[in-house]
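For reference, query21.txt is printed below; it contains compact mmCIF, C-alpha atoms.
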# COMPACT_ATOMS: atom_id res chain seq x y z
CA MET A 1 142.92 129.35 46.51
CA ARG A 2 141.26 132.67 45.67
CA SER A 3 139.76 133.22 42.25
CA SER A 4 138.01 136.05 40.44
CA VAL A 5 135.66 135.69 37.49
CA ILE A 6 135.36 138.82 35.34
CA ILE A 7 131.88 139.59 34.03
CA PHE A 8 131.53 141.51 30.77
CA PRO A 9 128.23 142.63 29.29
CA GLY A 10 127.21 139.52 27.36
CA SER A 11 129.17 136.98 29.39
CA ASN A 12 126.93 133.97 29.97
CA CYS A 13 129.15 131.27 31.48
CA ASP A 14 130.22 133.40 34.43
CA ARG A 15 127.80 131.84 36.92
CA ASP A 16 128.51 128.29 35.75
CA MET A 17 132.17 129.05 36.36
CA ASP A 18 131.37 130.46 39.80
CA VAL A 19 129.44 127.28 40.69
CA ALA A 20 132.27 125.07 39.43
CA LEU A 21 135.04 126.96 41.24
CA LYS A 22 133.14 127.00 44.55
CA LYS A 23 132.23 123.32 44.25
CA PHE A 24 135.89 122.39 44.42
CA GLY A 25 136.82 124.84 47.14
CA PHE A 26 137.99 128.00 45.40
CA LYS A 27 137.10 131.21 47.24
CA ASN A 28 135.57 132.89 44.23
CA GLN A 29 134.51 136.48 43.67
CA MET A 30 132.73 138.03 40.73
CA VAL A 31 134.28 141.19 39.28
CA TRP A 32 132.50 143.66 36.99
CA HIS A 33 134.39 144.70 33.84
CA ASN A 34 134.09 148.37 34.73
CA ASP A 35 135.84 147.97 38.07
CA GLN A 36 139.25 149.57 38.46
CA SER A 37 140.95 146.66 40.19
CA ILE A 38 140.68 142.98 40.95
CA PRO A 39 140.52 141.66 44.54
CA LYS A 40 143.55 139.65 45.66
CA SER A 41 143.45 136.48 43.57
CA ASP A 42 145.49 133.41 42.74
CA LEU A 43 143.49 132.75 39.57
CA ILE A 44 141.59 135.10 37.27
CA VAL A 45 139.01 133.59 34.92
CA LEU A 46 137.62 135.22 31.79
CA PRO A 47 134.40 133.27 31.20
CA GLY A 48 132.58 132.23 28.05
CA GLY A 49 129.76 134.10 26.40
CA PHE A 50 129.34 136.86 23.89
CA SER A 51 131.01 139.89 25.44
CA TYR A 52 129.71 143.07 23.80
CA GLY A 53 127.61 140.96 21.45
CA ASP A 54 130.76 139.83 19.61
CA TYR A 55 130.81 143.26 17.94
CA LEU A 56 133.73 144.04 15.61
CA ARG A 57 135.56 140.77 16.38
CA CYS A 58 134.87 138.30 19.19
CA GLY A 59 136.59 139.56 22.33
CA SER A 60 137.97 142.73 20.72
CA ILE A 61 135.86 145.23 22.68
CA ALA A 62 136.26 143.37 25.98
CA SER A 63 140.03 143.37 25.43
CA LYS A 64 139.96 147.18 25.78
CA SER A 65 137.68 147.35 28.83
CA LYS A 66 138.72 149.06 32.05
CA ILE A 67 139.49 145.92 34.07
CA ILE A 68 141.78 144.43 31.41
CA LYS A 69 144.82 146.45 32.41
CA SER A 70 144.71 144.78 35.85
CA VAL A 71 144.35 141.36 34.16
CA ILE A 72 147.38 142.04 31.95
CA ASP A 73 149.46 143.28 34.90
CA PHE A 74 148.44 140.19 36.91
CA ALA A 75 149.39 137.89 34.01
CA ASN A 76 152.71 139.65 33.46
CA SER A 77 153.56 139.24 37.14
CA GLY A 78 153.06 135.47 36.79
CA GLY A 79 149.46 135.12 38.02
CA LEU A 80 147.25 132.37 36.63
CA VAL A 81 144.80 133.65 34.02
CA LEU A 82 142.33 131.21 32.47
CA GLY A 83 140.18 132.17 29.48
CA ILE A 84 137.42 129.81 28.41
CA CYS A 85 135.77 130.15 24.99
CA ASN A 86 135.00 133.89 24.70
CA GLY A 87 137.63 134.33 27.41
CA PHE A 88 140.17 132.69 25.08
CA GLN A 89 139.11 135.07 22.30
CA ILE A 90 139.57 138.03 24.67
CA LEU A 91 143.06 136.80 25.64
CA THR A 92 144.18 136.64 22.00
CA GLU A 93 142.80 140.15 21.41
CA THR A 94 144.77 141.51 24.40
CA GLY A 95 147.93 140.00 22.96
CA LEU A 96 148.54 137.86 26.06
CA LEU A 97 148.09 134.83 23.80
CA ASN A 98 149.18 134.49 20.17
CA GLY A 99 146.89 134.05 17.19
CA ILE A 100 143.16 134.54 16.78
CA LEU A 101 139.93 132.50 16.82
CA GLN A 102 138.25 132.71 13.44
CA GLN A 103 134.81 131.64 12.37
CA ASN A 104 134.37 127.85 12.26
CA LYS A 105 135.42 126.34 8.96
CA PHE A 106 131.92 125.15 8.01
CA LEU A 107 130.17 128.33 9.26
CA ASN A 108 128.14 126.42 11.84
CA PHE A 109 127.68 127.00 15.54
CA ILE A 110 128.99 123.84 17.19
CA CYS A 111 127.54 122.59 20.46
CA SER A 112 128.79 119.13 21.37
CA ASN A 113 131.00 117.04 23.57
CA VAL A 114 134.56 116.58 22.34
CA TYR A 115 137.70 114.81 23.44
CA VAL A 116 140.85 116.81 23.91
CA LYS A 117 144.38 115.59 24.37
CA VAL A 118 146.52 117.24 27.02
CA LYS A 119 149.77 118.09 25.21
CA ASP A 120 151.82 119.51 28.03
CA LYS A 121 151.93 118.79 31.74
CA GLN A 122 154.82 121.04 32.72
CA ASN A 123 152.47 123.74 33.94
CA LYS A 124 150.25 124.62 36.89
CA TYR A 125 147.05 123.57 35.13
CA PHE A 126 147.80 120.03 33.98
CA LYS A 127 150.82 118.94 36.08
CA ASP A 128 150.23 115.41 37.48
CA LEU A 129 146.81 115.16 35.80
CA LYS A 130 145.84 111.47 35.91
CA LYS A 131 144.30 111.45 32.43
CA ASP A 132 145.75 112.35 29.03
CA LEU A 133 142.38 112.65 27.30
CA LEU A 134 139.51 114.71 28.65
CA GLU A 135 135.91 114.73 27.53
CA LEU A 136 134.76 118.35 27.59
CA HIS A 137 132.07 120.44 25.96
CA ILE A 138 132.34 123.04 23.21
CA ALA A 139 129.77 125.62 22.15
CA HIS A 140 131.08 128.23 19.74
CA ASN A 141 130.86 129.85 16.35
CA GLU A 142 134.41 131.23 16.33
CA GLY A 143 136.76 128.54 17.56
CA ASN A 144 138.88 128.02 14.48
CA TYR A 145 142.33 128.78 15.88
CA PHE A 146 144.70 130.47 13.47
CA CYS A 147 148.19 131.94 13.75
CA SER A 148 151.12 132.64 11.44
CA ASP A 149 153.61 129.90 10.57
CA ASP A 150 156.26 131.60 12.69
CA GLU A 151 153.92 131.80 15.67
CA LEU A 152 152.93 128.15 15.24
CA LYS A 153 156.57 127.11 15.20
CA SER A 154 157.23 129.11 18.33
CA LEU A 155 154.15 127.57 20.04
CA GLU A 156 155.42 124.10 19.17
CA ASP A 157 159.04 124.80 20.11
CA ASN A 158 158.04 126.13 23.54
CA SER A 159 155.39 123.42 24.18
CA GLN A 160 152.73 126.14 24.36
CA ILE A 161 150.03 124.00 22.77
CA ALA A 162 147.90 123.01 25.76
CA VAL A 163 145.10 120.85 24.36
CA THR A 164 144.12 119.55 20.93
CA TYR A 165 140.87 118.09 19.60
CA CYS A 166 141.05 114.33 19.15
CA GLY A 167 138.96 111.20 18.91
CA VAL A 168 138.05 108.94 21.82
CA ASP A 169 141.21 106.95 21.04
CA GLY A 170 143.39 110.07 20.88
CA THR A 171 143.55 110.34 17.09
CA GLU A 172 144.20 113.87 15.89
CA ASN A 173 143.18 114.43 12.29
CA GLU A 174 140.71 116.31 10.12
CA ALA A 175 137.85 114.02 11.14
CA THR A 176 138.38 114.81 14.81
CA ASN A 177 138.78 118.55 14.18
CA PRO A 178 135.38 120.17 14.75
CA ASN A 179 136.11 123.71 13.59
CA GLY A 180 139.15 123.79 11.28
CA ALA A 181 141.65 124.96 13.91
CA ILE A 182 145.24 124.57 12.76
CA LYS A 183 146.88 121.44 14.18
CA ASN A 184 143.56 120.67 15.93
CA ILE A 185 144.46 123.30 18.54
CA ALA A 186 141.80 123.69 21.23
CA GLY A 187 143.88 125.64 23.74
CA ILE A 188 147.26 127.32 24.14
CA PHE A 189 149.52 128.85 26.80
CA ASN A 190 151.58 132.00 26.83
CA LYS A 191 155.37 131.55 27.01
CA ASN A 192 155.44 131.29 30.81
CA LYS A 193 152.43 128.96 30.84
CA ASN A 194 150.59 130.95 33.48
CA VAL A 195 148.02 132.12 30.93
CA LEU A 196 145.80 129.43 29.42
CA GLY A 197 143.10 129.99 26.81
CA MET A 198 140.92 127.17 25.56
CA MET A 199 137.65 126.77 23.69
CA PRO A 200 136.27 123.73 25.63
CA HIS A 201 134.26 124.39 28.81
CA PRO A 202 135.51 122.41 31.83
CA GLU A 203 132.82 124.11 33.98
CA ARG A 204 130.16 122.22 32.04
CA MET A 205 131.63 118.83 32.97
CA ILE A 206 131.49 118.77 36.74
CA ASP A 207 128.47 116.58 37.45
CA LYS A 208 128.32 112.85 36.82
CA TYR A 209 124.53 112.92 36.56
CA LEU A 210 124.33 115.76 34.04
CA SER A 211 127.44 115.57 31.92
CA GLY A 212 130.69 113.97 32.83
CA GLU A 213 133.33 114.71 35.38
CA ASP A 214 136.46 115.43 33.39
CA GLY A 215 135.97 119.12 34.15
CA SER A 216 136.13 118.23 37.84
CA LEU A 217 139.57 116.69 37.29
CA PHE A 218 140.71 119.93 35.68
CA PHE A 219 139.63 122.17 38.57
CA LYS A 220 140.84 119.76 41.26
CA ASN A 221 144.18 119.58 39.53
CA ILE A 222 144.66 123.36 39.61
CA LEU A 223 143.94 123.28 43.34
CA ASP A 224 146.28 120.34 43.94
CA ASN A 225 149.09 122.10 42.11
CA PHE A 226 148.55 125.23 44.17
CA LYS A 227 148.91 123.47 47.52
CA MET B 1 136.27 165.15 8.77
CA LYS B 2 135.05 161.75 7.65
CA ILE B 3 137.69 159.06 7.15
CA LYS B 4 136.78 155.78 5.50
CA VAL B 5 138.45 152.48 6.27
CA ILE B 6 138.17 149.07 4.64
CA VAL B 7 139.29 146.00 6.58
CA THR B 8 139.71 142.74 4.72
CA LEU B 9 141.17 139.34 5.49
CA LYS B 10 144.77 138.94 4.39
CA ASN B 11 145.46 136.98 1.23
CA GLY B 12 145.82 133.33 2.07
CA VAL B 13 143.59 133.51 5.16
CA LEU B 14 140.56 131.28 4.76
CA ASP B 15 137.37 133.33 4.31
CA PRO B 16 134.51 130.83 4.74
CA GLN B 17 131.81 133.51 4.37
CA GLY B 18 133.34 134.79 1.14
CA LYS B 19 133.50 131.21 -0.09
CA ALA B 20 129.83 130.59 0.74
CA ILE B 21 128.83 133.82 -1.04
CA GLN B 22 130.86 132.82 -4.08
CA GLN B 23 129.24 129.39 -4.22
CA THR B 24 125.78 130.93 -3.88
CA LEU B 25 126.51 133.41 -6.67
CA ASN B 26 127.75 130.54 -8.83
CA GLY B 27 124.53 128.68 -8.05
CA MET B 28 122.53 131.73 -9.15
CA ASN B 29 124.11 131.46 -12.59
CA PHE B 30 126.80 134.06 -11.96
CA GLY B 31 129.16 131.41 -13.21
CA ASN B 32 132.03 133.79 -13.84
CA VAL B 33 132.51 134.67 -10.15
CA GLU B 34 135.87 133.11 -9.30
CA ASP B 35 136.45 134.41 -5.79
CA VAL B 36 134.74 136.56 -3.13
CA ARG B 37 136.42 138.13 -0.12
CA GLN B 38 134.20 139.69 2.50
CA GLY B 39 135.36 142.66 4.57
CA LYS B 40 134.27 145.49 6.84
CA TYR B 41 133.76 149.17 6.03
CA PHE B 42 133.98 151.99 8.57
CA GLU B 43 133.14 155.69 8.32
CA ILE B 44 134.84 157.55 11.14
CA GLU B 45 134.00 161.16 11.91
CA VAL B 46 137.14 162.73 13.38
CA LYS B 47 137.13 166.18 14.96
CA GLU B 48 140.16 167.31 12.98
CA LYS B 49 140.52 169.65 9.98
CA ASP B 50 143.96 168.54 8.79
CA GLU B 51 143.45 165.47 6.59
CA LYS B 52 146.95 164.15 7.19
CA LYS B 53 146.52 164.31 10.97
CA ALA B 54 143.05 162.74 10.78
CA LYS B 55 144.34 159.87 8.68
CA SER B 56 147.28 159.31 10.96
CA LEU B 57 144.88 159.10 13.93
CA VAL B 58 142.70 156.58 12.10
CA ASP B 59 145.81 154.61 11.17
CA ASP B 60 146.55 154.28 14.88
CA MET B 61 142.93 153.20 15.52
CA CYS B 62 143.23 150.52 12.84
CA LYS B 63 146.37 149.09 14.41
CA LYS B 64 144.96 149.17 17.94
CA LEU B 65 141.35 148.11 17.44
CA LEU B 66 139.69 148.15 14.02
CA ALA B 67 141.84 145.45 12.43
CA ASN B 68 143.51 142.40 13.89
CA LEU B 69 146.79 142.32 12.02
CA VAL B 70 147.20 138.58 12.55
CA ILE B 71 144.60 137.94 9.85
CA GLU B 72 143.45 141.32 8.53
CA ASP B 73 144.74 144.17 6.37
CA TYR B 74 143.30 147.66 6.41
CA LYS B 75 143.14 150.40 3.85
CA ILE B 76 142.29 154.04 4.57
CA VAL B 77 140.46 155.30 1.49

Output the file's structure as structure tokens, nothing else.
Amino acid sequence: MRSSVIIFPGSNCDRDMDVALKKFGFKNQMVWHNDQSIPKSDLIVLPGGFSYGDYLRCGSIASKSKIIKSVIDFANSGGLVLGICNGFQILTETGLLNGILQQNKFLNFICSNVYVKVKDKQNKYFKDLKKDLLELHIAHNEGNYFCSDDELKSLEDNSQIAVTYCGVDGTENEATNPNGAIKNIAGIFNKNKNVLGMMPHPERMIDKYLSGEDGSLFFKNILDNFK
Amino acid sequence: MKIKVIVTLKNGVLDPQGKAIQQTLNGMNFGNVEDVRQGKYFEIEVKEKDEKKAKSLVDDMCKKLLANLVIEDYKIV
């Protein structure tokens, strides 16, 4: 499976993502934001970081960069596009995903491990995933997902909510919501479920000695579903 | 021609920074501050002499980049 990771000025999880993808057998390439086109890919990843220093709004400047037109065309033709953290923010700013990531409710930068519940498995990312809860890592200042009531209803009706923050036992409530996101939303799909944006970093959970391995399950699952 | 734009969060959208500023002001004995909303202010120099045309250009900029209409309103002043 061929993948491309887009690098924006200020991206800082691009190389972690490269390491993770290659570890599980993706043929990954790095693509600079100012390039005209993306090499032939089965998966495009927008990595975490602080593209353009988070100027104006997180992800807003990156969402107008030269490469984005190719990303949008790829997504609209059904290609898999994964945005992690800042990548999720960029995807909402392009309009590929609904809503927006606002500043965390308590104005703090959060860096911690969290549990997320997989809410939908009828898609190429989570289909046949053995676990329902994943322990992943978050590190963000703007992860407070917000959308209009109509958009929320449409996300729920179409099963577009991908993952939600929860406790170790799966409880979803205010206590297990780190950043104030509505309905504890940590990640969503577009309507066709080929575009996934999420705040947690699976690429930081791929080593049993350093972190945990639930991120490994995530990447292996994408590969398994591609075969 | 210089066009000025103010972008603010829509009513009803949580503004945690505004809230923190309000609480700080209250703590500084500005007890009569009931609410603070924080926003952004832009001065845009447009190469255009016709004010109407300049404003219509800036309006387009607001919709496409300067404001995110999911949570923000803009006002050209």

Item to check | Within 8 Å of Val77 of chain B using only C-alpha atoms, minus same-chain residues under 2 positions, as a PyMOL selection string | outcome: chain B and resi 3-6+75

Next on the checklist: Using only C-alpha atoms, which protein or nucleic acid residues come within 12 Å of segment 80-82 of chain A? Drop anything in the same chain fewer than 4 positions from it, and give the result as a VMD selection string.
Outcome noted: chain A and resid 1 to 6 17 41 to 48 68 70 to 76 86 to 92 96 to 97 123 to 125 162 187 to 190 192 to 203 218 to 219 222 to 223 225 to 226

Checklist entry - By how many Å are atom CA of Asn177 of chain A and atom CA of Ile100 of chain A apart? => result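 Between atom CA of Asn177 of chain A and atom CA of Ile100 of chain A the gap is 16.8 Å.
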
Checklist entry - Of the residues A:Lys22, A:His137, A:Arg57, A:His33, which is the one nearest to chain B, using all atoms listed in the file? => result A:Arg57

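Of note, atom CA of Asn173 of chain A and atom CA of Asp132 of chain A are spaced 17.1 Å apart.
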
Proximity check chain B to chain A, 9 Å, nearest pairs one decimal Å, all atoms listed in the file, as a Markdown table:
| residue | atom | partner | partner_atom | distance |
| --- | --- | --- | --- | --- |
| B:Val13 | CA | A:Phe146 | CA | 8.9 |
| B:Leu14 | CA | A:Lys105 | CA | 8.3 |
| B:Asp15 | CA | A:Lys105 | CA | 8.6 |
| B:Pro16 | CA | A:Lys105 | CA | 6.2 |
| B:Gln17 | CA | A:Leu107 | CA | 7.3 |
| B:Ala20 | CA | A:Leu107 | CA | 8.8 |
| B:Lys40 | CA | A:Leu56 | CA | 8.9 |
| B:Leu65 | CA | A:Ser60 | CA | 7.2 |
| B:Leu66 | CA | A:Leu56 | CA | 7.4 |
| B:Ala67 | CA | A:Arg57 | CA | 8.8 |
| B:Asn68 | CA | A:Glu93 | CA | 7.9 |
| B:Val70 | CA | A:Gly99 | CA | 6.5 |
| B:Ile71 | CA | A:Ile100 | CA | 7.9 |

Checklist entry - Leaving out Val118 of chain A and any residue of its chain fewer than 4 positions from it, which residues lie within 8 Å of it when counting only C-alpha atoms, given as a count of residues only? => result 7

Checklist outcome for this item: Here atom CA of Lys40 of chain A and atom CA of Cys13 of chain A stand apart by 21.9 Å

Determine, counting only C-alpha atoms, which protein, DNA and RNA residues have an atom within 8 Å of an atom of Ile67 of chain A; residues of the same chain fewer than 4 positions away are not included. Present the result as an mmCIF file with C-alpha atoms, in the frame of the given file.
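After the write, result20.cif holds the following:
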data_model
loop_
_atom_site.group_PDB
_atom_site.id
_atom_site.type_symbol
_atom_site.label_atom_id
_atom_site.label_comp_id
_atom_site.auth_asym_id
_atom_site.auth_seq_id
_atom_site.Cartn_x
_atom_site.Cartn_y
_atom_site.Cartn_z
ATOM 1 C CA TRP A 32 132.500 143.660 36.990
ATOM 2 C CA HIS A 33 134.390 144.700 33.840
ATOM 3 C CA ASN A 34 134.090 148.370 34.730
ATOM 4 C CA ASP A 35 135.840 147.970 38.070
ATOM 5 C CA GLN A 36 139.250 149.570 38.460
ATOM 6 C CA SER A 37 140.950 146.660 40.190
ATOM 7 C CA ILE A 38 140.680 142.980 40.950
ATOM 8 C CA VAL A 71 144.350 141.360 34.160
#

Checklist entry - Closest to Val114 of chain A among A:Ala181, A:Lys131, A:Ala139, A:Ser51, using all atoms listed in the file? => result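 Ranking A:Ala181, A:Lys131, A:Ala139, A:Ser51 by distance to Val114 of chain A, first place goes to A:Ala139.
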
Item to check | Counting only C-alpha atoms, the option among B:Lys2, B:Gln38, B:Val33, B:Gln23 closest to Glu72 of chain B | outcome: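 Closest residue, counting only C-alpha atoms: B:Gln38.
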
Checklist entry - Using only C-alpha atoms, which residue out of A:Gly143, A:Gly53, A:Pro39, A:Pro9 lies closest to Ile185 of chain A? => result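 Selected residue with least distance to Ile185 of chain A: A:Gly143.
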
Item to check | Of the listed residues A:Val19, A:Val31, A:Cys85, A:Leu155, that which approaches Phe50 of chain A most closely, counting only C-alpha atoms | outcome: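 Ranked by minimum distance to Phe50 of chain A, first place goes to A:Cys85.
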
Checklist entry - Restricting the calculation to all atoms listed in the file, which member of A:Asn144, A:Ile182, A:Phe8, A:Ser211 is positioned closest to Ser112 of chain A? => result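 Closest residue, counting all atoms listed in the file: A:Ser211.
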
Checklist entry - Around (143.3, 162.6, 10.1) in the file's own coordinates, what residues are found within 12 Å if you use only C-alpha atoms, given back as a ChimeraX atom specification? => result /B:1-5,44-61,76-77

How would the residues just picked look written out with C-alpha atoms as an mmCIF file, in the frame of the given file?
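Everything below was put into selection.cif:
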data_model
loop_
_atom_site.group_PDB
_atom_site.id
_atom_site.type_symbol
_atom_site.label_atom_id
_atom_site.label_comp_id
_atom_site.auth_asym_id
_atom_site.auth_seq_id
_atom_site.Cartn_x
_atom_site.Cartn_y
_atom_site.Cartn_z
ATOM 1 C CA MET B 1 136.270 165.150 8.770
ATOM 2 C CA LYS B 2 135.050 161.750 7.650
ATOM 3 C CA ILE B 3 137.690 159.060 7.150
ATOM 4 C CA LYS B 4 136.780 155.780 5.500
ATOM 5 C CA VAL B 5 138.450 152.480 6.270
ATOM 6 C CA ILE B 44 134.840 157.550 11.140
ATOM 7 C CA GLU B 45 134.000 161.160 11.910
ATOM 8 C CA VAL B 46 137.140 162.730 13.380
ATOM 9 C CA LYS B 47 137.130 166.180 14.960
ATOM 10 C CA GLU B 48 140.160 167.310 12.980
ATOM 11 C CA LYS B 49 140.520 169.650 9.980
ATOM 12 C CA ASP B 50 143.960 168.540 8.790
ATOM 13 C CA GLU B 51 143.450 165.470 6.590
ATOM 14 C CA LYS B 52 146.950 164.150 7.190
ATOM 15 C CA LYS B 53 146.520 164.310 10.970
ATOM 16 C CA ALA B 54 143.050 162.740 10.780
ATOM 17 C CA LYS B 55 144.340 159.870 8.680
ATOM 18 C CA SER B 56 147.280 159.310 10.960
ATOM 19 C CA LEU B 57 144.880 159.100 13.930
ATOM 20 C CA VAL B 58 142.700 156.580 12.100
ATOM 21 C CA ASP B 59 145.810 154.610 11.170
ATOM 22 C CA ASP B 60 146.550 154.280 14.880
ATOM 23 C CA MET B 61 142.930 153.200 15.520
ATOM 24 C CA ILE B 76 142.290 154.040 4.570
ATOM 25 C CA VAL B 77 140.460 155.300 1.490
#
